[in-house]
$ cat upload.txt   # compact mmCIF, C-alpha atoms
# COMPACT_ATOMS: atom_id res chain seq x y z
CA MET I 1 1.00 119.43 33.25
CA ASP I 2 4.64 120.56 33.04
CA LEU I 3 6.80 121.95 35.79
CA GLY I 4 5.97 125.58 35.01
CA ASP I 5 2.25 124.97 35.40
CA TRP I 6 2.89 123.03 38.58
CA VAL I 7 5.00 125.75 40.17
CA SER I 8 2.58 128.54 39.24
CA THR I 9 -0.35 126.86 41.02
CA PRO I 10 -0.70 128.21 44.58
CA GLN I 11 -2.24 124.98 45.91
CA ASN I 12 0.99 123.16 45.12
CA TRP I 13 2.96 125.58 47.28
CA VAL I 14 0.50 125.05 50.12
CA PHE I 15 0.99 121.32 49.55
CA LEU I 16 4.77 121.66 49.83
CA VAL I 17 4.54 123.84 52.95
CA VAL I 18 2.34 121.19 54.61
CA ALA I 19 3.85 118.00 53.18
CA LEU I 20 7.52 118.64 54.01
CA PRO I 21 6.94 119.18 57.76
CA THR I 22 4.61 116.14 57.69
CA LEU I 23 7.37 113.99 56.23
CA LEU I 24 9.87 115.36 58.74
CA ALA I 25 7.50 114.66 61.63
CA GLY I 26 6.83 111.15 60.31
CA PHE I 27 10.55 110.50 60.11
CA LYS I 28 11.09 111.75 63.65
CA VAL I 29 8.27 109.47 64.92
CA VAL I 30 10.24 106.38 63.93
CA GLN I 31 13.71 107.81 64.55
CA THR I 32 13.68 109.74 67.84
CA SER I 33 15.00 108.09 71.01
CA ASN I 34 12.45 109.71 73.30
CA VAL I 35 9.03 108.04 73.57
CA VAL I 36 7.11 111.19 74.50
CA HIS I 37 8.73 113.11 71.64
CA ALA I 38 7.72 110.31 69.25
CA VAL I 39 4.07 110.67 70.29
CA LEU I 40 4.22 114.47 69.95
CA TYR I 41 5.79 114.18 66.49
CA LEU I 42 2.92 111.88 65.55
CA VAL I 43 0.62 114.80 66.44
CA GLY I 44 2.55 116.83 63.85
CA ALA I 45 2.27 114.13 61.19
CA LEU I 46 -1.47 113.64 61.76
CA GLY I 47 -2.07 117.39 61.87
CA GLY I 48 -0.26 117.67 58.54
CA SER I 49 -2.48 114.96 57.05
CA ALA I 50 -5.55 116.83 58.36
CA ALA I 51 -4.29 120.02 56.69
CA LEU I 52 -3.88 118.08 53.42
CA PHE I 53 -7.49 116.87 53.72
CA ILE I 54 -8.62 120.49 53.98
CA LEU I 55 -6.47 121.31 50.95
CA LEU I 56 -8.21 118.46 49.10
CA GLY I 57 -11.64 119.74 50.14
CA ALA I 58 -12.48 116.91 52.55
CA GLU I 59 -13.29 119.04 55.57
CA PHE I 60 -15.30 116.58 57.64
CA VAL I 61 -12.59 113.92 57.36
CA ALA I 62 -9.98 116.51 58.38
CA TRP I 63 -11.81 117.54 61.55
CA THR I 64 -12.61 113.91 62.39
CA VAL I 65 -8.90 113.14 62.20
CA VAL I 66 -8.17 116.11 64.49
CA LEU I 67 -10.83 115.11 67.01
CA VAL I 68 -10.39 111.33 67.05
CA TYR I 69 -6.67 110.96 66.39
CA ILE I 70 -5.09 114.03 67.93
CA GLY I 71 -7.77 114.38 70.60
CA ALA I 72 -8.28 110.80 71.75
CA VAL I 73 -5.78 108.33 70.31
CA ILE I 74 -2.72 110.42 71.22
CA VAL I 75 -3.93 110.76 74.82
CA LEU I 76 -4.43 106.98 74.88
CA PHE I 77 -0.84 106.53 73.68
CA LEU I 78 0.49 108.85 76.39
CA PHE I 79 -1.43 106.86 79.00
CA GLY I 80 -0.04 103.63 77.52
CA ILE I 81 3.51 104.97 77.78
CA MET I 82 3.02 106.03 81.39
CA ILE I 83 1.32 102.78 82.45
CA THR I 84 3.97 100.55 80.87
CA ARG I 85 6.66 102.74 82.49
CA ALA I 86 8.61 103.27 79.32
CA PRO I 87 11.77 105.27 80.08
CA LEU I 88 10.59 108.85 79.67
CA GLY I 89 13.91 110.49 78.81
CA PHE I 90 16.44 109.89 76.05
CA ASP I 91 16.82 106.12 75.60
CA VAL I 92 19.19 104.58 73.06
CA THR I 93 17.73 101.09 73.55
CA LEU I 94 14.34 102.16 72.18
CA SER I 95 15.27 100.93 68.69
CA HIS I 96 17.15 97.86 67.55
CA PRO I 97 20.93 98.10 66.95
CA VAL I 98 22.32 99.67 63.78
CA ARG I 99 22.59 96.36 61.88
CA VAL I 100 18.82 95.77 62.15
CA ARG I 101 18.07 99.42 61.41
CA VAL I 102 20.07 99.35 58.17
CA ALA I 103 18.23 96.22 57.05
CA ALA I 104 14.88 97.81 57.95
CA ALA I 105 15.85 101.00 56.09
CA VAL I 106 16.66 98.94 52.97
CA VAL I 107 13.35 97.08 53.23
CA SER I 108 11.30 100.24 53.67
CA PHE I 109 13.16 102.06 50.89
CA VAL I 110 12.55 99.18 48.47
CA LEU I 111 8.88 99.24 49.50
CA PHE I 112 8.74 103.00 48.90
CA ALA I 113 10.44 102.63 45.51
CA LEU I 114 8.01 99.88 44.46
CA ILE I 115 4.86 101.71 45.57
CA GLY I 116 6.09 105.09 44.32
CA GLY I 117 7.28 103.70 40.99
CA ALA I 118 4.01 101.90 40.38
CA MET I 119 2.01 105.03 41.25
CA LEU I 120 4.18 107.28 39.08
CA ALA I 121 3.84 104.94 36.11
CA GLU I 122 0.10 104.44 36.51
CA PHE I 123 -1.09 107.98 37.34
CA GLU I 124 1.32 109.98 35.19
CA GLY I 125 -0.12 113.48 34.79
CA ALA I 126 -3.50 112.66 36.38
CA ALA I 127 -4.74 115.83 38.08
CA ILE I 128 -7.21 116.35 40.90
CA PRO I 129 -10.02 118.49 39.46
CA GLU I 130 -10.73 121.75 41.26
CA THR I 131 -14.29 120.97 42.30
CA ALA I 132 -16.16 122.38 45.28
CA ALA I 133 -15.33 120.93 48.69
CA THR I 134 -17.41 117.95 49.80
CA ARG I 135 -20.18 119.24 52.04
CA THR I 136 -20.65 117.50 55.38
CA ALA I 137 -24.39 117.18 54.66
CA ALA I 138 -23.65 115.27 51.44
CA LEU I 139 -21.18 113.01 53.27
CA GLY I 140 -23.72 112.33 56.04
CA ALA I 141 -26.44 111.51 53.51
CA SER I 142 -24.03 109.15 51.76
CA ILE I 143 -23.15 107.36 55.01
CA PHE I 144 -26.72 106.98 56.22
CA GLU I 145 -28.23 106.00 52.88
CA ARG I 146 -25.78 104.05 50.76
CA PHE I 147 -23.25 103.00 53.42
CA VAL I 148 -25.64 102.42 56.32
CA VAL I 149 -24.86 98.69 56.69
CA PRO I 150 -21.05 99.17 56.92
CA PHE I 151 -21.73 102.02 59.35
CA GLU I 152 -23.69 99.70 61.66
CA VAL I 153 -20.98 97.05 61.35
CA VAL I 154 -18.35 99.62 62.40
CA SER I 155 -20.45 100.52 65.43
CA VAL I 156 -20.54 96.83 66.42
CA VAL I 157 -16.75 96.67 65.96
CA LEU I 158 -16.35 99.66 68.27
CA LEU I 159 -18.63 98.04 70.87
CA ALA I 160 -16.64 94.80 70.68
CA ALA I 161 -13.39 96.76 71.08
CA LEU I 162 -14.85 98.61 74.08
CA ILE I 163 -15.91 95.40 75.83
CA GLY I 164 -12.70 93.64 74.84
CA GLY I 165 -10.55 96.46 76.17
CA ILE I 166 -12.34 96.42 79.53
CA VAL I 167 -12.16 92.62 79.82
CA LEU I 168 -8.46 92.52 78.94
CA ALA I 169 -7.25 95.44 81.03
CA ARG I 170 -9.25 95.16 84.26
CA ARG I 171 -7.89 93.39 87.31
CA ASP I 172 -9.93 90.34 88.26
CA PRO I 173 -11.47 91.09 91.69
CA ALA I 174 -12.65 87.50 92.31
CA ASN I 175 -9.32 85.78 92.93
CA GLY I 176 -7.21 88.86 93.57
CA GLU I 177 -4.96 87.89 90.72
CA GLU I 178 -3.56 90.68 88.57
CA GLY I 179 -5.31 90.55 85.20
CA ALA I 180 -6.19 87.47 83.20
CA GLY I 181 -3.64 84.72 82.69
CA LEU I 182 -1.35 84.90 79.67
CA MET Y 1 -2.75 119.52 41.89
CA LEU Y 2 -1.46 116.21 40.61
CA ILE Y 3 -2.63 112.98 42.23
CA ASN Y 4 0.96 111.70 42.29
CA GLN Y 5 2.20 114.22 44.85
CA PHE Y 6 -0.31 112.88 47.37
CA LEU Y 7 0.39 109.26 46.45
CA LEU Y 8 4.15 109.74 46.86
CA LEU Y 9 3.64 111.40 50.24
CA GLY Y 10 1.43 108.50 51.30
CA ALA Y 11 4.00 105.97 50.08
CA ALA Y 12 6.79 107.75 51.99
CA LEU Y 13 4.79 107.86 55.23
CA PHE Y 14 3.84 104.19 54.79
CA ALA Y 15 7.50 103.21 54.27
CA MET Y 16 8.44 105.17 57.40
CA GLY Y 17 5.77 103.27 59.32
CA VAL Y 18 7.18 99.95 58.08
CA TYR Y 19 10.65 101.08 59.19
CA GLY Y 20 9.30 101.92 62.64
CA VAL Y 21 7.50 98.58 63.02
CA LEU Y 22 10.70 96.74 62.08
CA THR Y 23 13.10 98.71 64.30
CA ARG Y 24 11.20 99.67 67.45
CA ARG Y 25 11.68 97.54 70.57
CA ASN Y 26 8.90 98.97 72.73
CA ALA Y 27 5.44 97.58 71.86
CA VAL Y 28 3.78 100.99 72.29
CA MET Y 29 6.20 102.44 69.74
CA VAL Y 30 5.35 99.63 67.28
CA LEU Y 31 1.67 100.55 67.63
CA LEU Y 32 2.60 104.21 67.03
CA SER Y 33 4.28 103.26 63.73
CA VAL Y 34 1.16 101.33 62.69
CA GLU Y 35 -0.82 104.53 63.24
CA LEU Y 36 1.55 106.32 60.88
CA MET Y 37 0.86 103.68 58.21
CA LEU Y 38 -2.91 104.09 58.68
CA ALA Y 39 -2.57 107.87 58.28
CA ALA Y 40 -0.72 107.28 54.99
CA VAL Y 41 -3.53 105.06 53.73
CA ASN Y 42 -6.04 107.75 54.70
CA ILE Y 43 -4.24 110.31 52.52
CA ASN Y 44 -4.44 107.92 49.54
CA LEU Y 45 -8.14 107.25 50.06
CA VAL Y 46 -9.11 110.93 50.23
CA ALA Y 47 -6.87 111.88 47.29
CA PHE Y 48 -8.38 109.18 45.06
CA ASP Y 49 -11.87 110.17 46.16
CA ARG Y 50 -11.26 113.76 45.08
CA MET Y 51 -9.66 112.65 41.81
CA VAL Y 52 -12.57 110.41 40.83
CA GLY Y 53 -15.15 112.94 42.07
CA ASP Y 54 -17.44 110.21 43.38
CA GLN Y 55 -21.01 111.44 44.00
CA LEU Y 56 -21.27 109.19 47.07
CA ALA Y 57 -17.86 110.34 48.39
CA GLY Y 58 -16.98 106.68 48.91
CA GLY Y 59 -13.30 107.33 49.55
CA GLN Y 60 -14.03 109.81 52.32
CA VAL Y 61 -16.56 107.42 53.90
CA PHE Y 62 -13.89 104.71 53.84
CA ALA Y 63 -11.42 107.11 55.44
CA LEU Y 64 -13.90 107.74 58.25
CA PHE Y 65 -14.38 104.00 58.75
CA LEU Y 66 -10.60 103.63 58.82
CA VAL Y 67 -10.38 106.23 61.60
CA ALA Y 68 -13.00 104.31 63.61
CA VAL Y 69 -11.27 100.95 63.13
CA ALA Y 70 -7.89 102.51 63.98
CA ALA Y 71 -9.33 103.85 67.23
CA ALA Y 72 -10.65 100.39 68.10
CA GLU Y 73 -7.29 98.86 67.19
CA VAL Y 74 -5.42 101.26 69.48
CA GLY Y 75 -7.78 100.54 72.37
CA ILE Y 76 -7.43 96.75 72.06
CA GLY Y 77 -3.71 96.95 71.30
CA LEU Y 78 -2.92 99.05 74.34
CA ALA Y 79 -5.07 96.75 76.52
CA ILE Y 80 -3.06 93.74 75.29
CA ILE Y 81 0.25 95.57 75.85
CA LEU Y 82 -0.91 96.51 79.35
CA LEU Y 83 -1.73 92.85 80.06
CA ILE Y 84 1.67 91.73 78.76
CA PHE Y 85 3.35 94.37 80.91
CA ARG Y 86 1.49 93.16 84.02
CA ASN Y 87 2.46 89.55 83.41
CA ARG Y 88 6.02 90.00 82.15
CA ARG Y 89 7.02 93.34 83.76
CA SER Y 90 8.19 94.53 80.34
CA ALA Y 91 6.75 95.89 77.09
CA ASN Y 92 9.80 94.88 75.05
CA VAL Y 93 8.80 92.90 71.96
CA ASP Y 94 12.16 91.06 71.90
CA GLU Y 95 11.34 89.35 75.19
CA LEU Y 96 7.98 88.01 74.00
CA ASP Y 97 9.40 84.74 72.68
CA LEU Y 98 7.29 82.12 74.50
CA LEU Y 99 6.35 80.49 71.20
CA LYS Y 100 10.00 80.17 70.13
CA LEU Y 101 11.56 76.72 70.37
$ encode --input "upload.txt" --output "structure tokens"
Amino acid sequence: MDLGDWVSTPQNWVFLVVALPTLLAGFKVVQTSNVVHAVLYLVGALGGSAALFILLGAEFVAWTVVLVYIGAVIVLFLFGIMITRAPLGFDVTLSHPVRVRVAAAVVSFVLFALIGGAMLAEFEGAAIPETAATRTAALGASIFERFVVPFEVVSVVLLAALIGGIVLARRDPANGEEGAGL
Amino acid sequence: MLINQFLLLGAALFAMGVYGVLTRRNAVMVLLSVELMLAAVNINLVAFDRMVGDQLAGGQVFALFLVAVAAAEVGIGLAIILLIFRNRRSANVDELDLLKL
């Protein structure tokens, strides 16, 4: 597929319209000096990824990301910020000093170049076929027939996380001490 | 649509997440950057699933499992950060150096 074909496909323009704001939001998540803004930019990045899932025809995954991530996880993060009394306004000490940031930027750029270069070399010209969107019924049948054992394991993981979260975060009423020892 | 445009977007978001984990001082912000990395992995999984055209939609099922595990990870992670904050009066990862000689 050459550039002319790529540009004349409307899906690619939708991709660009969604992907560029997603990248910008992702950059602002790690760059902004305001904790609440960082969480709200993460909403933008995750919403962009959900829009890309719809573009790919994975509707159930897209709405699950909207419900679970944007609906629940983001609220959890906002509670975490408030409980740990992170400075809510503009705060220059939120990130490490410039020296560390330059080193981290080099590391992450090298990582991006390695991953991106490997992907470009391996999947040169491979296209996503324009098939019908995955139906939620087919996905549900797949989960509850072929992937039923991993599904049960994930439910046990969630139960363990639930119990673990309560045990870790509650205050111990027996000895009046705040939380478990560390 | 080419598969590479999704893979490059995923790689860029993942690299941004790595940058955030390395530079952020506040533990909640580190966890936020990890979420960004998980979102990048999700994009790769769904894109490959659509490219292969798997009858079982294995990539999408994995993406759903990833969402569930990420939710569990955030719950436990925030509980641990809350506990650290109660004991140390700070959620700054630089000050958590008890194991340092």
$ closest_residue --input "upload.txt" --among "Y:Ala79, Y:Gln5, Y:Leu101, Y:Leu66" --to "chain I" --atoms "all atoms listed in the file"
Y:Ala79
$ residues_near_point --input "upload.txt" --point "(3.0, 102.3, 71.8)" --cutoff "12 Å" --atoms "all atoms listed in the file" --output "PyMOL selection string"
(chain I and resi 29-30+35-36+38-39+42+73-86+94) or (chain Y and resi 20-21+24-36+73-82+91-93)
$ residues_around --input "upload.txt" --residues "Asp91 in chain I" --least-positions-apart "2" --cutoff "7 Å" --atoms "all atoms listed in the file" --output "list of chain:residue names"
I:Ser33, I:Asn34, I:Pro87, I:Gly89, I:Thr93, I:Leu94
$ closest_residue --input "upload.txt" --among "I:Ala118, I:Leu162, I:Val154, I:Val14" --to "Asn4 in chain Y" --atoms "all atoms listed in the file"
I:Ala118
$ closest_atom_pairs --input "upload.txt" --of "chain I" --to "chain Y" --cutoff "6 Å" --atoms "all atoms listed in the file" --output "tab-separated table"
residue	atom	partner	partner_atom	distance
I:Val30	CA	Y:Gly20	CA	4.7
I:Leu94	CA	Y:Arg25	CA	5.6
I:Ser95	CA	Y:Arg24	CA	4.4
I:His96	CA	Y:Thr23	CA	5.3
I:Arg101	CA	Y:Thr23	CA	5.8
I:Ala104	CA	Y:Tyr19	CA	5.5
I:Ser108	CA	Y:Ala15	CA	4.9
I:Phe112	CA	Y:Ala15	CA	5.5
I:Gly116	CA	Y:Leu8	CA	5.6
I:Ala126	CA	Y:Leu2	CA	5.9
I:Ala127	CA	Y:Leu2	CA	4.2
I:Ile128	CA	Y:Met51	CA	4.5
I:Ser142	CA	Y:Leu56	CA	5.4
I:Leu158	CA	Y:Ala72	CA	5.7
I:Ala161	CA	Y:Ala72	CA	5.4
I:Gly165	CA	Y:Ile76	CA	5.2
I:Leu168	CA	Y:Ala79	CA	5.9
I:Ala169	CA	Y:Ala79	CA	5.2
$ residues_around --input "upload.txt" --residues "Val65 in chain I" --least-positions-apart "5" --cutoff "9 Å" --atoms "all atoms listed in the file" --output "NGL selection string"
(:I and (46-47 or 49-50 or 60 or 70-71)) or (:Y and (64 or 67))
$ atom_distance --input "upload.txt" --atom1 "CA of Leu139 in chain I" --atom2 "CA of Leu38 in chain Y"
21.0 Å
$ atom_distance --input "upload.txt" --atom1 "CA of Glu59 in chain I" --atom2 "CA of Ala132 in chain I"
11.2 Å
$ atom_distance --input "upload.txt" --atom1 "CA of Leu52 in chain I" --atom2 "CA of Phe15 in chain I"
7.0 Å
$ closest_residue --input "upload.txt" --among "I:Tyr69, I:Ala133, I:Leu24, I:Ala58" --to "Val43 in chain I" --atoms "all atoms listed in the file"
I:Tyr69
$ axis_aligned_box --input "upload.txt" --around "range 38-48 of chain Y" --padding-each-side "3 Å" --output "JSON"
{"center_x": -4.9, "center_y": 108.0, "center_z": 51.9, "size_x": 14.4, "size_y": 13.8, "size_z": 19.6}
$ decode --input "upload.txt" --residues "range 57-88 of chain Y" --atoms "N, CA, C and O atoms" --output "short mmCIF file (atom, residue, chain, number, x, y, z; two decimals), in the first residue's frame"
data_model
loop_
_atom_site.label_atom_id
_atom_site.label_comp_id
_atom_site.auth_asym_id
_atom_site.auth_seq_id
_atom_site.Cartn_x
_atom_site.Cartn_y
_atom_site.Cartn_z
N ALA Y 57 -11.48 -14.60 18.69
CA ALA Y 57 -11.23 -13.23 19.15
C ALA Y 57 -10.30 -13.23 20.37
O ALA Y 57 -10.54 -12.53 21.34
N GLY Y 58 -9.25 -14.04 20.30
CA GLY Y 58 -8.36 -14.21 21.44
C GLY Y 58 -7.72 -12.91 21.90
O GLY Y 58 -7.59 -12.67 23.09
N GLY Y 59 -7.34 -12.05 20.96
CA GLY Y 59 -6.71 -10.80 21.33
C GLY Y 59 -7.64 -9.90 22.12
O GLY Y 59 -7.24 -9.27 23.10
N GLN Y 60 -8.91 -9.86 21.71
CA GLN Y 60 -9.87 -9.03 22.44
C GLN Y 60 -10.15 -9.59 23.82
O GLN Y 60 -10.31 -8.85 24.80
N VAL Y 61 -10.20 -10.95 23.93
CA VAL Y 61 -10.41 -11.57 25.24
C VAL Y 61 -9.24 -11.22 26.15
O VAL Y 61 -9.43 -10.87 27.32
N PHE Y 62 -8.01 -11.27 25.60
CA PHE Y 62 -6.85 -10.91 26.40
C PHE Y 62 -6.91 -9.45 26.83
O PHE Y 62 -6.54 -9.12 27.96
N ALA Y 63 -7.39 -8.58 25.92
CA ALA Y 63 -7.51 -7.17 26.28
C ALA Y 63 -8.48 -6.99 27.44
O ALA Y 63 -8.24 -6.20 28.36
N LEU Y 64 -9.57 -7.76 27.43
CA LEU Y 64 -10.53 -7.67 28.54
C LEU Y 64 -9.91 -8.15 29.84
O LEU Y 64 -10.09 -7.54 30.90
N PHE Y 65 -9.14 -9.25 29.77
CA PHE Y 65 -8.46 -9.74 30.97
C PHE Y 65 -7.47 -8.70 31.48
O PHE Y 65 -7.32 -8.48 32.68
N LEU Y 66 -6.81 -8.02 30.54
CA LEU Y 66 -5.84 -6.99 30.91
C LEU Y 66 -6.53 -5.85 31.65
O LEU Y 66 -6.00 -5.34 32.65
N VAL Y 67 -7.73 -5.47 31.19
CA VAL Y 67 -8.48 -4.42 31.88
C VAL Y 67 -8.80 -4.85 33.31
O VAL Y 67 -8.63 -4.08 34.26
N ALA Y 68 -9.21 -6.13 33.47
CA ALA Y 68 -9.56 -6.62 34.80
C ALA Y 68 -8.34 -6.62 35.71
O ALA Y 68 -8.40 -6.16 36.86
N VAL Y 69 -7.21 -7.12 35.19
CA VAL Y 69 -5.99 -7.19 36.02
C VAL Y 69 -5.50 -5.78 36.34
O VAL Y 69 -5.02 -5.51 37.46
N ALA Y 70 -5.65 -4.84 35.39
CA ALA Y 70 -5.23 -3.46 35.65
C ALA Y 70 -6.08 -2.84 36.75
O ALA Y 70 -5.55 -2.12 37.62
N ALA Y 71 -7.38 -3.15 36.75
CA ALA Y 71 -8.24 -2.63 37.81
C ALA Y 71 -7.81 -3.17 39.16
O ALA Y 71 -7.72 -2.42 40.15
N ALA Y 72 -7.50 -4.47 39.23
CA ALA Y 72 -7.02 -5.06 40.47
C ALA Y 72 -5.71 -4.42 40.91
O ALA Y 72 -5.51 -4.11 42.09
N GLU Y 73 -4.83 -4.17 39.94
CA GLU Y 73 -3.52 -3.60 40.23
C GLU Y 73 -3.67 -2.18 40.81
O GLU Y 73 -2.98 -1.81 41.77
N VAL Y 74 -4.60 -1.40 40.24
CA VAL Y 74 -4.81 -0.05 40.76
C VAL Y 74 -5.34 -0.10 42.19
O VAL Y 74 -4.90 0.66 43.06
N GLY Y 75 -6.30 -1.01 42.43
CA GLY Y 75 -6.86 -1.11 43.77
C GLY Y 75 -5.80 -1.44 44.81
O GLY Y 75 -5.66 -0.74 45.83
N ILE Y 76 -5.00 -2.48 44.54
CA ILE Y 76 -3.94 -2.88 45.47
C ILE Y 76 -2.88 -1.79 45.57
O ILE Y 76 -2.42 -1.43 46.66
N GLY Y 77 -2.50 -1.23 44.42
CA GLY Y 77 -1.44 -0.21 44.42
C GLY Y 77 -1.82 1.00 45.25
O GLY Y 77 -1.03 1.49 46.05
N LEU Y 78 -3.07 1.47 45.07
CA LEU Y 78 -3.49 2.64 45.83
C LEU Y 78 -3.60 2.31 47.32
O LEU Y 78 -3.31 3.16 48.17
N ALA Y 79 -4.01 1.06 47.65
CA ALA Y 79 -4.06 0.67 49.06
C ALA Y 79 -2.67 0.70 49.67
O ALA Y 79 -2.47 1.19 50.80
N ILE Y 80 -1.66 0.22 48.92
CA ILE Y 80 -0.29 0.22 49.43
C ILE Y 80 0.22 1.65 49.59
O ILE Y 80 0.85 2.00 50.60
N ILE Y 81 -0.09 2.51 48.59
CA ILE Y 81 0.36 3.91 48.68
C ILE Y 81 -0.30 4.59 49.87
O ILE Y 81 0.34 5.36 50.60
N LEU Y 82 -1.59 4.28 50.10
CA LEU Y 82 -2.30 4.85 51.24
C LEU Y 82 -1.64 4.44 52.55
O LEU Y 82 -1.44 5.26 53.47
N LEU Y 83 -1.23 3.17 52.63
CA LEU Y 83 -0.57 2.65 53.84
C LEU Y 83 0.77 3.34 54.04
O LEU Y 83 1.12 3.74 55.16
N ILE Y 84 1.54 3.50 52.95
CA ILE Y 84 2.82 4.19 53.04
C ILE Y 84 2.61 5.62 53.50
O ILE Y 84 3.33 6.14 54.36
N PHE Y 85 1.55 6.27 52.96
CA PHE Y 85 1.29 7.66 53.34
C PHE Y 85 0.95 7.75 54.81
O PHE Y 85 1.38 8.68 55.50
N ARG Y 86 0.18 6.77 55.34
CA ARG Y 86 -0.19 6.82 56.76
C ARG Y 86 1.04 6.65 57.65
O ARG Y 86 1.15 7.29 58.68
N ASN Y 87 1.96 5.79 57.21
CA ASN Y 87 3.12 5.51 58.06
C ASN Y 87 4.22 6.54 57.92
O ASN Y 87 4.91 6.83 58.88
N ARG Y 88 4.40 7.09 56.71
CA ARG Y 88 5.52 7.98 56.47
C ARG Y 88 5.11 9.43 56.27
O ARG Y 88 5.96 10.28 56.09
#
